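> Could you have a look at this structure, given as structure tokens, before my questions?
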Amino acid sequence: MKSTGKIKMLFLFAIAMMFASNVQAQETKEATNYDQGFRLGFGVNAGYSVNDPYKLVLGADARVQYDLSKKYSLTLTTGYTNLFVSKADGNDLGFIPAKAGFKAFVWNDQFYVMGEAGAAFAVSNGYDKTSLLLSPSIGYATKYIDVSLHYEHYSDFAKVNNNGSIGKGVGQVGVRLAYGFEL
């Protein structure tokens with residue numbers, strides 16, 4: 001009787017160990033089951049300035065994204081953007097943005113919200129200003145395509161106020177279409 005009881009206990013212990021090792025393997029698999037790593041994307045931007053004297057906005061950028069998890073990513077973005085004015089209103093403003101951001105996927109692992117902050121370095125028509133740049137956005141991303149709607153605010157670039165005086169702080173609403181891939 002005693003040996004039968006020991007065999008039963010040993011059998012139950014062996015079964016319990018198999019389940020325990022299976023559970024641990026599942027936890028390990030789930031912990032690493034996301035696309036952690038780098039992505040690179042190239043995009044074009046088009047928009048409209050919400051402040052005079054600027055009108056149309058066009059640009060191109062490159063974005064490096066590091067996926068912390070399936071839902072959260074860090075971004076670094078740079079490129080070139082041009083704020084166009086009519087000939088009567090003066091010169092266009094071209095600048096190089098340099099932004100760091102945080103992207104959070106909020107629905108179906110494809111719809112996201114993102115916030116970026118950085119600097120805009122003016123490089124055209126004799127402008128030598130550098131401005132703080134803030135940019136919230138919402139978007140939709142697949143494995144290769146990224147489409148987003150964003151607002152960008154440049155705190156130190158000159159604008160024309162409603163009363164005709166010169167002020168600071170230019171904003172623009174735009175759309176970004178990009179192609180991206182894993183590195």
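Simple scheme: letters A, B, ... for chains in structure tokens order, numbers from 1 for residues in each chain, numbers from 1 for ligands in the order shown.
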Among stretch 32-109 of chain A, which residues carry a DSSP assignment of strand (DSSP E or B), reported as a ChimeraX atom specification?

/A:37-49,52,54-67,72-85,93-107

> Of the residues A:Val113, A:Thr77, A:Asn108, A:Gly59, which is the one nearest to A:Phe95, using only C-alpha atoms?

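Going through A:Val113, A:Thr77, A:Asn108, A:Gly59 one by one, the smallest distance to A:Phe95 is for A:Gly59.
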
> Write out as an MDAnalysis selection string each polymer residue whose atoms come within 9 Å of stretch 82-89 of chain A, counting only C-alpha atoms; drop sequence neighbours fewer than 4 positions from it.

chainID A and resid 48:49 52:59 93:96 124

> Could you check how far atom CA of A:Ala100 sits from atom CA of A:Ala119, in Å to one decimal?

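About the pair atom CA of A:Ala100 and atom CA of A:Ala119: they are 9.5 Å apart.
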
> Would you compute the distance between atom CA of A:Lys168 and atom CA of A:Leu76? Give it in Å to one decimal.

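Calculated distance between atom CA of A:Lys168 and atom CA of A:Leu76 is 25.7 Å.
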
> Between A:Phe38, A:Ser69, A:Ala158, A:Tyr144, single out the one closest to A:Ala122, counting only C-alpha atoms.

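Counting only C-alpha atoms, the residue closest to A:Ala122 is A:Ala158.
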
> Nearest to A:Asn91: which of A:Gly118, A:Gly174, A:Gly37, A:Gly126 is it, counting only C-alpha atoms?

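That would be A:Gly126, the residue with the smallest distance to A:Asn91.
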
> Kindly give the distance, in Å, that separates atom CA of A:Leu149 and atom CA of A:Val44, rounded to a single decimal.

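So the two atoms, atom CA of A:Leu149 and atom CA of A:Val44, lie 12.1 Å apart.
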